[in-house]
Structure formats: structure tokens, C-alpha cells
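What follows is data_21.cif (mmCIF, C-alpha atoms).
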```
data_model
#
loop_
_atom_site.label_atom_id
_atom_site.label_comp_id
_atom_site.auth_asym_id
_atom_site.auth_seq_id
_atom_site.Cartn_x
_atom_site.Cartn_y
_atom_site.Cartn_z
CA MET X 1 67.46 87.40 97.99
CA ARG X 2 69.99 88.81 95.56
CA VAL X 3 71.32 92.21 96.56
CA PRO X 4 71.43 94.61 93.59
CA MET X 5 74.70 96.02 92.39
CA ILE X 6 75.55 99.64 93.06
CA ASP X 7 73.63 101.76 90.60
CA VAL X 8 75.60 102.28 87.39
CA ASN X 9 75.09 105.18 85.04
CA VAL X 10 78.06 105.36 82.72
CA SER X 11 78.13 106.83 79.24
CA THR X 12 78.94 104.34 76.48
CA ASP X 13 81.28 106.83 74.80
CA VAL X 14 84.11 105.26 76.82
CA ILE X 15 83.65 102.05 74.84
CA ALA X 16 83.85 103.99 71.60
CA SER X 17 87.48 104.92 72.25
CA ARG X 18 89.33 104.46 68.98
CA ALA X 19 91.74 101.93 70.45
CA MET X 20 92.08 100.10 73.73
CA SER X 21 95.57 101.46 74.21
CA ILE X 22 97.20 103.81 76.67
CA VAL X 23 97.33 106.47 73.97
CA GLY X 24 93.63 105.89 73.28
CA MET X 25 92.85 106.41 76.98
CA LEU X 26 94.88 109.61 77.06
CA ASP X 27 93.26 110.98 73.90
CA HIS X 28 89.77 110.16 75.17
CA ALA X 29 90.39 111.74 78.57
CA ALA X 30 92.02 114.89 77.19
CA THR X 31 89.21 115.39 74.67
CA SER X 32 86.31 114.60 76.99
CA PHE X 33 87.47 116.17 80.26
CA SER X 34 90.14 118.64 79.12
CA SER X 35 90.10 121.36 81.79
CA LYS X 36 88.81 119.19 84.64
CA ALA X 37 91.20 118.27 87.46
CA CYS X 38 92.76 114.91 86.65
CA VAL X 39 95.22 114.42 89.53
CA VAL X 40 95.59 116.39 92.74
CA ALA X 41 98.95 115.70 94.37
CA PRO X 42 100.70 117.31 97.35
CA GLU X 43 103.08 119.22 95.10
CA ARG X 44 100.67 120.30 92.34
CA SER X 45 97.53 119.50 90.35
CA VAL X 46 97.07 118.81 86.65
CA THR X 47 94.07 118.80 84.32
CA PHE X 48 93.34 115.93 81.94
CA LEU X 49 94.75 117.99 79.08
CA GLN X 50 97.92 118.75 81.04
CA PHE X 51 98.25 115.11 82.08
CA ARG X 52 98.27 113.96 78.45
CA ALA X 53 100.74 116.67 77.43
CA GLU X 54 103.15 115.78 80.24
CA VAL X 55 102.87 112.06 79.48
CA LEU X 56 103.82 112.71 75.86
CA ASN X 57 106.74 114.92 76.88
CA ILE X 58 108.03 112.16 79.15
CA ALA X 59 107.53 109.65 76.34
CA SER X 60 109.72 111.81 74.11
CA TRP X 61 112.39 112.00 76.82
CA LEU X 62 112.32 108.23 77.31
CA HIS X 63 112.82 107.77 73.58
CA ARG X 64 115.76 110.19 73.58
CA ILE X 65 117.57 108.29 76.34
CA GLY X 66 117.19 105.02 74.47
CA ILE X 67 113.90 103.36 75.44
CA ARG X 68 112.26 101.52 72.55
CA PRO X 69 109.08 99.45 72.08
CA ARG X 70 109.02 96.27 74.21
CA ASP X 71 111.81 97.57 76.46
CA ARG X 72 111.15 97.03 80.16
CA VAL X 73 111.19 100.04 82.48
CA ALA X 74 111.06 99.40 86.24
CA ILE X 75 109.36 101.96 88.49
CA LEU X 76 110.10 102.26 92.21
CA ASP X 77 108.19 104.92 94.11
CA VAL X 78 105.36 105.55 96.52
CA ASN X 79 102.03 106.70 95.10
CA SER X 80 102.68 109.90 93.19
CA LEU X 81 101.67 111.94 90.19
CA ASN X 82 105.07 111.19 88.67
CA PHE X 83 104.45 107.44 89.01
CA MET X 84 101.20 107.79 87.04
CA LEU X 85 102.80 110.01 84.39
CA ALA X 86 105.77 107.68 83.96
CA ALA X 87 103.64 104.54 83.71
CA CYS X 88 101.47 106.06 80.99
CA ALA X 89 104.50 107.47 79.15
CA VAL X 90 106.19 104.07 79.05
CA GLY X 91 103.01 102.53 77.65
CA ALA X 92 102.54 105.35 75.14
CA ILE X 93 105.74 104.38 73.30
CA GLY X 94 105.07 100.66 73.50
CA ALA X 95 107.51 99.89 76.30
CA ILE X 96 106.56 97.86 79.37
CA ILE X 97 106.44 98.96 83.00
CA VAL X 98 107.70 96.72 85.80
CA PRO X 99 106.27 98.15 89.06
CA LEU X 100 108.51 97.26 92.00
CA ASN X 101 107.27 96.71 95.53
CA TYR X 102 109.06 99.27 97.71
CA ARG X 103 108.47 97.04 100.76
CA GLN X 104 110.75 94.37 99.34
CA ARG X 105 114.47 94.07 99.89
CA VAL X 106 117.05 94.83 97.22
CA PRO X 107 117.72 91.14 96.35
CA GLU X 108 114.01 90.65 95.66
CA MET X 109 113.91 93.75 93.47
CA ARG X 110 117.06 92.63 91.69
CA TYR X 111 115.48 89.28 90.85
CA GLN X 112 112.52 91.01 89.20
CA ILE X 113 114.74 93.42 87.29
CA ARG X 114 116.87 90.59 85.95
CA ASP X 115 113.92 88.29 85.26
CA SER X 116 112.01 90.98 83.36
CA GLY X 117 115.09 92.30 81.55
CA ALA X 118 114.47 95.89 82.66
CA ARG X 119 116.86 98.38 81.03
CA LEU X 120 115.95 101.45 83.09
CA LEU X 121 114.76 102.23 86.61
CA LEU X 122 112.62 105.30 87.29
CA VAL X 123 112.86 105.92 91.02
CA GLY X 124 111.65 108.33 93.68
CA SER X 125 114.29 110.08 95.78
CA ARG X 126 113.42 108.22 98.97
CA TYR X 127 114.77 105.06 97.31
CA ASP X 128 118.15 106.43 96.24
CA SER X 129 120.04 103.74 98.14
CA GLU X 130 118.06 100.97 96.45
CA ALA X 131 118.64 102.60 93.07
CA GLU X 132 122.38 102.74 93.69
CA ALA X 133 122.44 99.06 94.64
CA LEU X 134 120.45 98.08 91.53
CA ALA X 135 122.17 100.34 88.98
CA SER X 136 124.68 97.73 87.83
CA ASP X 137 121.82 95.47 86.70
CA LEU X 138 120.33 98.14 84.44
CA GLU X 139 121.73 98.96 81.01
CA LEU X 140 120.47 102.55 81.20
CA GLY X 141 120.87 102.91 84.96
CA ALA X 142 118.43 104.74 87.22
CA ARG X 143 116.78 108.14 86.72
CA ARG X 144 115.08 110.15 89.43
CA LEU X 145 111.33 110.64 89.01
CA ASP X 146 111.60 113.80 91.07
CA GLY X 147 114.96 114.88 89.68
CA ASP X 148 115.67 118.08 87.77
CA VAL X 149 115.91 116.39 84.36
CA PHE X 150 112.60 114.58 84.73
CA GLN X 151 110.85 117.68 86.04
CA ALA X 152 112.23 119.82 83.22
CA CYS X 153 110.91 117.47 80.57
CA LEU X 154 107.34 117.78 81.90
CA SER X 155 106.90 121.18 80.30
CA ALA X 156 109.52 120.95 77.56
CA GLY X 157 109.13 119.44 74.13
CA ASP X 158 106.38 119.23 71.56
CA GLY X 159 104.31 116.33 72.80
CA ALA X 160 106.31 113.39 71.43
CA ALA X 161 106.20 114.62 67.83
CA ASP X 162 109.50 112.81 67.31
CA VAL X 163 108.19 109.48 68.61
CA GLU X 164 105.95 106.87 67.03
CA LEU X 165 103.23 106.27 69.60
CA GLU X 166 101.88 102.80 70.31
CA HIS X 167 98.28 102.28 69.16
CA ASN X 168 98.34 98.48 69.18
CA SER X 169 96.23 97.45 72.15
CA ASP X 170 97.79 93.98 72.12
CA SER X 171 101.14 95.49 73.02
CA PRO X 172 102.29 94.48 76.53
CA PHE X 173 101.81 97.28 79.06
CA ALA X 174 103.00 95.87 82.39
CA ILE X 175 104.77 92.95 83.99
CA CYS X 176 103.32 92.67 87.49
CA TYR X 177 105.02 90.22 89.82
CA THR X 178 103.29 87.93 92.28
CA SER X 179 104.43 87.93 95.90
CA GLY X 180 106.59 84.82 95.51
CA THR X 181 105.35 83.18 98.70
CA THR X 182 105.71 79.67 97.24
CA GLY X 183 108.87 80.25 95.21
CA ASN X 184 110.32 82.91 92.97
CA PRO X 185 107.84 85.63 91.96
CA LYS X 186 106.15 85.13 88.60
CA GLY X 187 105.72 88.04 86.22
CA ALA X 188 102.20 88.34 84.82
CA VAL X 189 102.17 90.16 81.48
CA ILE X 190 99.26 92.61 81.13
CA THR X 191 98.59 93.92 77.63
CA GLN X 192 97.21 97.39 76.99
CA ARG X 193 93.91 95.84 75.89
CA VAL X 194 93.64 93.82 79.11
CA ALA X 195 94.53 96.90 81.17
CA HIS X 196 91.83 98.86 79.35
CA MET X 197 89.24 96.12 79.89
CA ARG X 198 90.16 95.72 83.56
CA ALA X 199 89.75 99.45 84.05
CA LEU X 200 86.49 99.48 82.09
CA LYS X 201 85.11 96.55 84.08
CA LEU X 202 85.86 98.29 87.37
CA LEU X 203 84.43 101.53 86.01
CA TYR X 204 81.08 99.86 85.30
CA GLU X 205 80.92 97.65 88.38
CA LEU X 206 81.79 100.52 90.71
CA GLY X 207 79.52 102.95 88.93
CA LEU X 208 82.27 105.55 88.74
CA ARG X 209 81.04 109.00 87.74
CA HIS X 210 82.86 111.90 86.18
CA ASP X 211 82.16 113.95 89.31
CA ASP X 212 83.69 111.33 91.63
CA VAL X 213 86.82 112.19 93.58
CA MET X 214 88.95 109.08 94.08
CA HIS X 215 91.63 108.30 96.63
CA MET X 216 93.59 105.06 96.65
CA THR X 217 95.38 104.14 99.86
CA THR X 218 96.79 100.92 98.38
CA PRO X 219 100.15 101.19 96.56
CA MET X 220 100.38 101.81 92.83
CA PHE X 221 102.78 98.91 92.38
CA HIS X 222 99.78 96.64 93.03
CA ILE X 223 97.55 95.74 90.10
CA SER X 224 94.37 96.83 91.91
CA CYS X 225 95.48 100.43 92.40
CA LEU X 226 97.07 100.59 88.96
CA MET X 227 93.84 99.53 87.24
CA LEU X 228 91.73 101.86 89.38
CA SER X 229 93.94 104.75 88.30
CA LEU X 230 93.32 103.87 84.66
CA GLY X 231 89.59 103.58 85.41
CA GLY X 232 89.58 107.09 86.83
CA LEU X 233 91.38 108.32 83.73
CA LEU X 234 88.79 106.71 81.46
CA ARG X 235 85.83 108.04 83.42
CA GLY X 236 87.09 111.54 84.03
CA SER X 237 87.15 111.16 87.81
CA THR X 238 89.57 113.30 89.80
CA GLN X 239 92.25 111.32 91.65
CA VAL X 240 93.73 112.66 94.88
CA VAL X 241 97.17 111.16 95.44
CA ALA X 242 99.07 110.82 98.71
CA PRO X 243 102.43 109.03 99.10
CA GLN X 244 101.42 106.56 101.80
CA PHE X 245 98.58 105.96 104.24
CA ASP X 246 98.37 107.88 107.49
CA VAL X 247 95.12 108.04 109.48
CA ASP X 248 95.16 111.75 110.26
CA SER X 249 96.30 112.93 106.84
CA THR X 250 93.87 110.59 105.05
CA LEU X 251 90.88 111.86 107.01
CA ALA X 252 91.98 115.44 106.38
CA LEU X 253 92.39 114.69 102.68
CA ILE X 254 88.92 113.12 102.44
CA GLY X 255 87.32 116.20 103.97
CA ARG X 256 89.41 118.80 102.16
CA HIS X 257 88.95 117.39 98.65
CA GLY X 258 85.45 115.93 98.99
CA VAL X 259 86.54 112.36 98.30
CA THR X 260 83.62 110.14 97.20
CA PHE X 261 85.49 106.89 96.43
CA ILE X 262 88.21 105.28 98.50
CA ASN X 263 90.23 102.11 98.02
CA VAL X 264 91.52 100.48 101.21
CA VAL X 265 92.47 97.22 102.90
CA PRO X 266 90.48 96.08 105.97
CA THR X 267 93.31 97.03 108.34
CA ILE X 268 93.18 100.63 107.14
CA LEU X 269 89.42 100.73 107.64
CA SER X 270 89.86 99.46 111.19
CA MET X 271 92.50 102.09 111.92
CA ILE X 272 90.17 104.85 110.71
CA LEU X 273 87.08 103.61 112.54
CA ASN X 274 89.02 102.94 115.76
CA ARG X 275 90.55 106.41 115.89
CA PRO X 276 89.61 107.76 119.35
CA ASP X 277 87.86 110.88 118.07
CA PHE X 278 86.36 109.28 114.95
CA THR X 279 82.83 110.27 113.96
CA PRO X 280 80.89 109.13 110.86
CA ALA X 281 80.79 112.75 109.74
CA MET X 282 84.49 112.45 108.87
CA LEU X 283 83.52 110.10 106.02
CA LYS X 284 80.16 111.62 105.15
CA GLY X 285 81.08 112.33 101.53
CA LEU X 286 82.08 108.77 100.66
CA ARG X 287 79.80 107.07 98.13
CA VAL X 288 81.80 103.89 97.56
CA ILE X 289 84.31 102.08 99.77
CA MET X 290 86.33 99.42 97.97
CA TYR X 291 88.43 96.99 99.97
CA THR X 292 90.94 94.43 98.83
CA ALA X 293 93.59 91.96 100.08
CA ALA X 294 91.47 90.17 102.72
CA PRO X 295 87.86 89.57 103.80
CA ILE X 296 86.34 92.26 105.95
CA SER X 297 85.33 91.48 109.54
CA PHE X 298 81.74 91.85 110.74
CA PRO X 299 82.44 94.50 113.43
CA ILE X 300 83.65 96.95 110.78
CA VAL X 301 80.57 96.86 108.57
CA PRO X 302 77.98 98.83 110.59
CA GLY X 303 80.43 101.73 110.69
CA ILE X 304 80.57 101.99 106.89
CA ASP X 305 76.98 101.07 106.00
CA PHE X 306 76.36 104.62 104.75
CA ALA X 307 78.31 103.84 101.55
CA GLY X 308 78.32 101.15 98.91
CA VAL X 309 80.85 98.46 99.85
CA VAL X 310 82.86 96.63 97.21
CA ARG X 311 85.18 93.64 97.57
CA ASP X 312 87.95 93.53 94.98
CA SER X 313 89.86 90.30 94.38
CA ALA X 314 92.48 91.57 91.97
CA ALA X 315 95.70 89.63 91.49
CA PRO X 316 98.38 90.09 88.82
CA GLU X 317 97.43 86.95 86.92
CA PHE X 318 93.67 87.59 86.80
CA ALA X 319 92.37 88.79 83.44
CA PRO X 320 89.64 91.03 84.86
CA ALA X 321 89.66 92.04 88.50
CA THR X 322 86.60 90.66 90.23
CA ALA X 323 84.28 92.63 92.45
CA CYS X 324 81.27 91.95 94.66
CA CYS X 325 79.07 94.81 95.75
CA SER X 326 76.47 95.71 98.34
CA PRO X 327 74.67 99.07 98.30
CA ALA X 328 74.53 101.65 101.06
CA GLY X 329 72.25 100.64 103.93
CA ALA X 330 72.31 96.94 103.02
CA TRP X 331 73.64 95.85 106.42
CA ALA X 332 70.87 97.70 108.24
CA ARG X 333 68.23 96.07 106.03
CA HIS X 334 69.56 92.54 105.61
CA GLY X 335 72.40 91.91 108.06
CA PRO X 336 75.50 89.74 107.42
CA ALA X 337 74.09 88.03 104.31
CA VAL X 338 74.88 91.09 102.21
CA LEU X 339 78.54 91.42 103.17
CA PRO X 340 80.71 90.73 100.10
CA ASN X 341 82.92 87.69 100.63
CA ALA X 342 82.96 87.87 104.43
CA PRO X 343 83.61 84.62 106.32
CA GLY X 344 80.32 82.80 106.67
CA SER X 345 78.41 85.22 104.46
CA SER X 346 75.85 84.11 101.93
CA PRO X 347 76.69 84.06 98.21
CA SER X 348 73.66 86.29 97.81
CA GLY X 349 75.87 89.12 99.01
CA CYS X 350 77.51 89.29 95.57
#
```
What does this structure look like when you write it as C-alpha cells?
Amino acid sequence: MRVPMIDVNVSTDVIASRAMSIVGMLDHAATSFSSKACVVAPERSVTFLQFRAEVLNIASWLHRIGIRPRDRVAILDVNSLNFMLAACAVGAIGAIIVPLNYRQRVPEMRYQIRDSGARLLLVGSRYDSEAEALASDLELGARRLDGDVFQACLSAGDGAADVELEHNSDSPFAICYTSGTTGNPKGAVITQRVAHMRALKLLYELGLRHDDVMHMTTPMFHISCLMLSLGGLLRGSTQVVAPQFDVDSTLALIGRHGVTFINVVPTILSMILNRPDFTPAMLKGLRVIMYTAAPISFPIVPGIDFAGVVRDSAAPEFAPATACCSPAGAWARHGPAVLPNAPGSSPSGC
């Protein structure tokens, strides 16, 4: 028996976006969801209209310091509002982001900077020592994402009036590096069109709604989280951002903000469910749980059967991310056969 996908009810106006570009996404979101909360971060929140305005101000600043179309801009930071703003700003002027894995060592980061030809590093303050070590490999050096200059440009300027914005959806958007487990990492080039289609595919498969509140526990340097963020932008979903995963703070965040969609890895799910004082009520608002990186183990599933469960198999070199879904209550009705991509599960689970 084939298990139906999670119910999808998404307006087709997303497809009618004038161009499958980062600028097209920003314009669509600002027009369609203007005063709605776009990102809720520890330091502040912004609406969709504010998000677009700040992206364009950053784009103007990037242009002033010498970034041009097709230039590579590396980003090194934990999940943050500034990471999202910077990534979109780089794409808005036709430059290319190179997200760096903050878990890697400096020599590994240096290889990716040299291989990609990055001219600038945008970096969070917790990685100042890495930035100092990498500065000599960057023509324009490193600039702090949470520094005074960057923060000042968020509200200054006239929305990139002095910059020609990139509307060509075939322009490269990101170079995402593989892990390099069998040799040197390989940089997969993701165009703005592919990024748009990846986000759109996830949007439809996950059944994202404009009233969803999303929280991604996986890092933004990974393609899965990056595309989910763009999907939320397209759909008008609010995204609640936290720097890194912590069981207590994540559970508090879910309850405080009414999170309905969460992106995790199986280990994180286990840590939440195995918390000594855990009760299902702590996750009662979740509508969709998306997991990635590894198959989920059978013991975890009964504890999350109240929500739709999605397996994401995103990797940098995949054109669209792939997903398998089972709806809420499927385990109780059908047992292991419905578990997406679990060891020994039936293909009917997808």
C-alpha cells in the first residue's frame, strides 16, 4: 500500500515569480508577505519587507567595497540572521557565496577559499582567529558579519539604487563543497535557478504554509538548511533562527514561538526524546519533522508519530533535494513499512 504524501495546499503564485533569481524571491516575498515576520533571531526580528531592504543595503555595501558579479564571497558563521542576509545580498548582485563549514580546520577552509577563488570572507565574531589565519588568502580580506560597519549598513543607503541587480536565474549562486572524505572536497556550483527550484520542490513536498513557523537545527553552510531557508522565504513562512543546537534552548524555542516545522538529524531527535523530563506536549505544535544525514532508527518513530515525518537526502551535487514522506499517525496504522528510508523498510514508505 502506498502511503500518501503530506497534504499540500500551496498557491501557484509562487511559480509566477517574474524570475527564478534571488532578487525575484526577495521581490515576491516583500510584496506578498510584507509586514509578516520573516526571521526571528535572538538579537532582533525582521519582516519580509525589512529583510529585502536590508539585503539590498548590504548588496550596495558589497559593491562599494569591490565585489562584482561572479566574484566569490566566503561566509563563515553559525546560523544567524546576518548569514541569511549576507547570502541573499551576495546573490542579489550576481556574486557567488561559498559557505564554509565552521567544524573544519583552517587548512581545510583555506583549500576551499583558494579552490573557489574567494575574494572576501564574511565572518561571525566567534571565528575571529580563523579569519585572521585566512586573511592573507583573500584579496579583500575578512569583514565581520556582526561588526559595526556591517550593522550600520543594514539601515543605511537607498536599497542598492547604485547597483545593477542580478535577474539572470542562470547566474551561479553558491559553491557548496562536499565533505572530501575520499579526497579533496569538490565544489558543486548551484545556480540561482537551481536554488529556486530546489526550494520550490521542498516547498511543495513538505506542504509548507504561510502560517508555518520553521526552525532549522542543521547548519546553514549545508545545502539542506540553505535551501529550506529559501523555501521559507518563497512561501512566507516565519523562520526562527538559533546559533547552534542545544536541547533545552531548542525545546524552549519550539514552545515560545509555536514552531510547526523542524529540521533535524536523527541524533538530535534522540537527544530530545531521551531528555529525562521529556513529554510529547513539548512538541505538540509540530506539524512536520524533517530529518537528514542518516536513516532514522525504529525506536525513535513512535515518539514522533504525531507529526508528518520527512526524510531529506540533500547533497551539494544533487540537482533537486529528494524527500520521502509519511503522514502523522502512519506508524500507528501501518508500522515500520511507512518509515521513510529506514533500514529494512518497504519502498512503499516513500
Inset, instruction - Find the residue from X:Tyr111, X:Phe51, X:Phe83, X:Trp61 that sits nearest to X:Leu226; use only C-alpha atoms when measuring. - result: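 Among X:Tyr111, X:Phe51, X:Phe83, X:Trp61, it is X:Phe83 that comes nearest to X:Leu226.
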Inset, instruction - Return as a PyMOL selection string the set of residues that the PyMOL selection byres ((chain X and resi 263-270) around 10) yields on the displayed structure. - result: chain X and resi 214-219+224-225+228+245-247+261-262+271-275+288-297+299-301+303-304+310-312
Inset, instruction - Using only C-alpha atoms, determine which residues lie at most 12 Å from X:Ala152, disregarding the query and same-chain residues fewer than 5 positions distant; provide the list as an NGL selection string. - result: :X and (54 or 57-58 or 61 or 144-147 or 157)
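Put simply, atom CA of X:Leu253 is 10.3 Å away from atom CA of X:Met282.
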Inset, instruction - Check the smallest atom-to-atom distance from each of X:Arg68, X:His196, X:Arg103, X:Lys186 to X:Met20 using all atoms listed in the file, then report the winner. - result: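 Nearest to X:Met20: X:His196.
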